[in-house]
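Just below is one structure, and these are the notes that go with it.
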2 protein chains.
Amino acid sequence: MKLLKEKIQVMGRAVDSDILKVDSFLNHQIDPELMMALGEEFARRFAQEGITKIITLESSGIAPAVMAGLKLGVPVVFAKKQKPSTMGSGFFTSSVHSFTKQKNYSICLSSSFLKNTDRVLIIDDFLAYGSAAEALIDIVTQADAHLAGIGIVIEKGFQKGGALLRAKDIRVESLAIIEEMSENRILFRD
Amino acid sequence: MKLLKEKIQVMGRAVDSDILKVDSFLNHQIDPELMMALGEEFARRFAQEGITKIITLESSGIAPAVMAGLKLGVPVVFAKKQKPSTMGSGFFTSSVHSFTKQKNYSICLSSSFLKNTDRVLIIDDFLAYGSAAEALIDIVTQADAHLAGIGIVIEKGFQKGGALLRAKDIRVESLAIIEEMSENRILFRD
C-alpha cells in the first residue's frame, strides 16, 4: 500500500536491523486519516470473505481494526492483556511470547463475543515472529469459529511469522512488508 | 446524546449501584458505527476550540478518540500504562489510582508528541472519580500545553470526578451522565 510505505519512509525510523519506530503515527501517536485509509484497504481486500467479526489485541491494533470494522459493517473485539475484574467466567485465553520484552503474557477474550458461526478477520499492527497472531488464531480455534484471514499493517518480512502462517494456508494480507532494514534505511518487499 | 443513552439502556448492564458493564460495545467489543457517532459529537462540541491534539489513555479511550481526531483533523496520542522498551528518554509521566482494582499505576506519554503550542482535548471512555483524567491533565500541564476540555463517553454522575473537574473551571462534555443505577436499572441525568 503506497500511502503506508511512504508514511513509513518519511515518519518511521529503523533503530537497527530489527526495531522500527512508528510511534509518530501508529503505536503511540495515531494518524486518524491514515487509520481510515488502512481500514478501507483491509475492507477492500477481505470484502468477499463474508466477515462477521474482527478481533485484535490491545492497544495498537485497535485503531486500524475499528476503521476496518466501520467499512465492513462488523463489530471489533480486542483481546485484553489482563483479565478485567468485570469480566465473568466465560472467556478464551491464550499465551503470547514477546520477543522484544523476552517474556510471556496471557491474553483473554470473552466467549460472549466470539461464536462458532463467526467468520473472523484478525487485524494487528505488526507481524514479526507471529506469536500474537498465533494466540489470536488459538482463540478463534477455541471458539470453533472460521478464520477468514489476517490483516497486518506492517510485516517484518525478514522474521519468520508471515512465512509460518502462510505455510498453514492462512491468508495473510500485510499492507507493507519490510524486506530488510538497517539504521535509517528501510527496504520494502514489492 | 440520545443514541448513546439508548445503547446503554439496551446493551449495558448495571451489575450493582457502582459497576456498569458496557463491554458489548465500548470496553471489549467495540461498535465502530457508534464510535463514529461519538467522534462526530465530540468534534461538534469542541469545534470552536482550535484543538490541535487529542490525548487519551489505552485501551478503551482509543476508538472514540481516533474518530474524534478524524473529524477534527488532528492526531491522537494515547498514554501508555507501561513504558515501552522502544520509548526514548523524553516522556511525561503521571500516576492513576484505580478504584476498581484498588491500586496505582503509572502512565507515560512521549514528550515528542505534546508541545506547549498544543491546544489539547482529553477523551476517555469513563469518568468516575476522575483519577485518569487528573493524570492526563497533569501531563498536559507538564507539557505547558493548553487544556481545551475533556470529552467523556460515560460519566458516573454519582461519583465525584465530574464535579471536581468542573469546579476547576475545566470544560467537561460527557455524552451520557448516569445519575443513579441499581441492578438492571439505569437513570440518566437530563
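By order of appearance in the C-alpha cells: chains A, B, ..., then residues from 1 within every chain, and ligands from 1 in the order shown.
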Could you please tell me, as a PyMOL selection string, which residues of chain A have an atom within 6 Å of chain B when using only C-alpha atoms? chain A and resi 28-33+59+66+70+75-78
Could those selected residues go to a file with N, CA and C atoms, as an mmCIF file, in the first residue's frame?
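Saved file part.cif follows:
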```
data_model
loop_
_atom_site.group_PDB
_atom_site.id
_atom_site.type_symbol
_atom_site.label_atom_id
_atom_site.label_comp_id
_atom_site.auth_asym_id
_atom_site.auth_seq_id
_atom_site.Cartn_x
_atom_site.Cartn_y
_atom_site.Cartn_z
ATOM 1 N N HIS A 28 1.758 5.073 19.134
ATOM 2 C CA HIS A 28 1.653 5.927 20.329
ATOM 3 C C HIS A 28 0.868 7.172 19.911
ATOM 4 N N GLN A 29 1.429 7.962 18.998
ATOM 5 C CA GLN A 29 0.597 8.944 18.313
ATOM 6 C C GLN A 29 -0.055 8.206 17.134
ATOM 7 N N ILE A 30 -1.316 8.535 16.870
ATOM 8 C CA ILE A 30 -2.081 7.865 15.815
ATOM 9 C C ILE A 30 -2.545 8.902 14.808
ATOM 10 N N ASP A 31 -2.359 8.596 13.542
ATOM 11 C CA ASP A 31 -2.845 9.451 12.462
ATOM 12 C C ASP A 31 -4.222 8.916 12.023
ATOM 13 N N PRO A 32 -5.296 9.603 12.428
ATOM 14 C CA PRO A 32 -6.644 9.045 12.163
ATOM 15 C C PRO A 32 -6.956 8.869 10.673
ATOM 16 N N GLU A 33 -6.483 9.808 9.836
ATOM 17 C CA GLU A 33 -6.781 9.671 8.391
ATOM 18 C C GLU A 33 -6.073 8.468 7.794
ATOM 19 N N SER A 59 -2.846 -2.597 22.407
ATOM 20 C CA SER A 59 -3.651 -1.420 22.157
ATOM 21 C C SER A 59 -3.514 -0.962 20.703
ATOM 22 N N VAL A 66 -10.812 -0.915 14.138
ATOM 23 C CA VAL A 66 -12.110 -0.237 14.229
ATOM 24 C C VAL A 66 -12.474 0.400 12.879
ATOM 25 N N LEU A 70 -15.662 -0.508 10.670
ATOM 26 C CA LEU A 70 -16.600 0.511 10.183
ATOM 27 C C LEU A 70 -16.917 0.259 8.707
ATOM 28 N N PRO A 75 -18.683 -5.715 14.092
ATOM 29 C CA PRO A 75 -18.066 -5.334 15.365
ATOM 30 C C PRO A 75 -16.611 -5.790 15.467
ATOM 31 N N VAL A 76 -15.888 -5.127 16.353
ATOM 32 C CA VAL A 76 -14.482 -5.430 16.628
ATOM 33 C C VAL A 76 -14.393 -5.875 18.089
ATOM 34 N N VAL A 77 -13.634 -6.903 18.370
ATOM 35 C CA VAL A 77 -13.361 -7.267 19.760
ATOM 36 C C VAL A 77 -11.853 -7.224 19.964
ATOM 37 N N PHE A 78 -11.420 -6.503 20.997
ATOM 38 C CA PHE A 78 -9.984 -6.536 21.271
ATOM 39 C C PHE A 78 -9.691 -7.443 22.462
#
```
Could you pull out all residues of segment 17-181 of chain A with a DSSP call of alpha helix (DSSP H) and give them as a ChimeraX atom specification? /A:32-45,62-72,131-142,161-167
Could you name the residues that touch Leu175 of chain A at 8 Å or less, counting only C-alpha atoms, but leaving out those on the same chain fewer than 5 positions away, as a list in words? Met1, Leu4, Leu38, Gly151, Ile152, Val153, Ile154 and Glu155 of chain A
Based on DSSP run over this structure's backbone, return all residues of segment 89-177 of chain A in strand (DSSP E), as a VMD selection string. chain A and resid 91 to 98 103 to 110 119 to 127 146 to 156 172 to 177
Could you save the residues just selected, with C-alpha atoms, as a tab-separated table (two decimals), in the first residue's frame?
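After the write, result-v4.tsv holds the following:
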```
chain	number	residue	atom	x	y	z
A	91	PHE	CA	-13.60	-16.39	28.25
A	92	PHE	CA	-10.98	-17.78	25.93
A	93	THR	CA	-7.38	-17.37	26.87
A	94	SER	CA	-4.04	-17.91	25.18
A	95	SER	CA	-0.38	-17.05	25.65
A	96	VAL	CA	1.84	-14.66	23.70
A	97	HIS	CA	5.61	-14.59	23.78
A	98	SER	CA	7.04	-11.10	23.43
A	103	LYS	CA	8.53	-12.68	28.41
A	104	ASN	CA	5.19	-14.40	28.07
A	105	TYR	CA	1.85	-12.82	28.78
A	106	SER	CA	-1.73	-14.05	28.67
A	107	ILE	CA	-4.49	-12.59	26.54
A	108	CYS	CA	-8.20	-13.15	27.04
A	109	LEU	CA	-11.38	-12.59	25.09
A	110	SER	CA	-14.91	-13.05	26.39
A	119	ARG	CA	-16.19	-15.63	10.15
A	120	VAL	CA	-13.25	-13.85	11.72
A	121	LEU	CA	-10.71	-11.37	10.43
A	122	ILE	CA	-7.71	-10.89	12.72
A	123	ILE	CA	-6.09	-7.45	12.49
A	124	ASP	CA	-2.85	-6.37	14.15
A	125	ASP	CA	-0.33	-3.56	13.80
A	126	PHE	CA	2.82	-5.70	13.47
A	127	LEU	CA	3.70	-9.21	12.37
A	146	HIS	CA	-13.94	-19.76	10.97
A	147	LEU	CA	-10.68	-17.87	10.41
A	148	ALA	CA	-11.10	-15.91	7.18
A	149	GLY	CA	-7.69	-14.27	7.26
A	150	ILE	CA	-5.23	-11.96	8.92
A	151	GLY	CA	-4.70	-8.29	8.12
A	152	ILE	CA	-1.39	-6.77	9.22
A	153	VAL	CA	-0.33	-3.15	8.97
A	154	ILE	CA	3.45	-3.75	8.94
A	155	GLU	CA	5.05	-7.15	8.45
A	156	LYS	CA	8.72	-7.66	9.19
A	172	VAL	CA	-2.20	-13.06	5.41
A	173	GLU	CA	-2.58	-9.60	3.92
A	174	SER	CA	0.14	-7.19	5.03
A	175	LEU	CA	-0.19	-3.61	3.85
A	176	ALA	CA	3.59	-3.08	3.99
A	177	ILE	CA	6.23	-5.81	4.14
```
Can you tell me how far atom CA of Ser111 of chain A sits from atom CA of Ser89 of chain A, in Å to one decimal? 9.0 Å
What does the distance between atom CA of Asp18 of chain A and atom CA of Gly162 of chain A come to in Å, to one decimal place?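 We find that atom CA of Asp18 of chain A and atom CA of Gly162 of chain A lie 15.4 Å from each other.
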Distance in Å - atom CA of Lys160 of chain B versus atom CA of Thr141 of chain B: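 Atom-to-atom, atom CA of Lys160 of chain B to atom CA of Thr141 of chain B, that is 21.6 Å.
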Shell of 7 Å around Ser182 of chain A, only C-alpha atoms, local chain residues under 5 positions omitted, as a list in words: Ala14, Asp16 and Ser17 of chain A
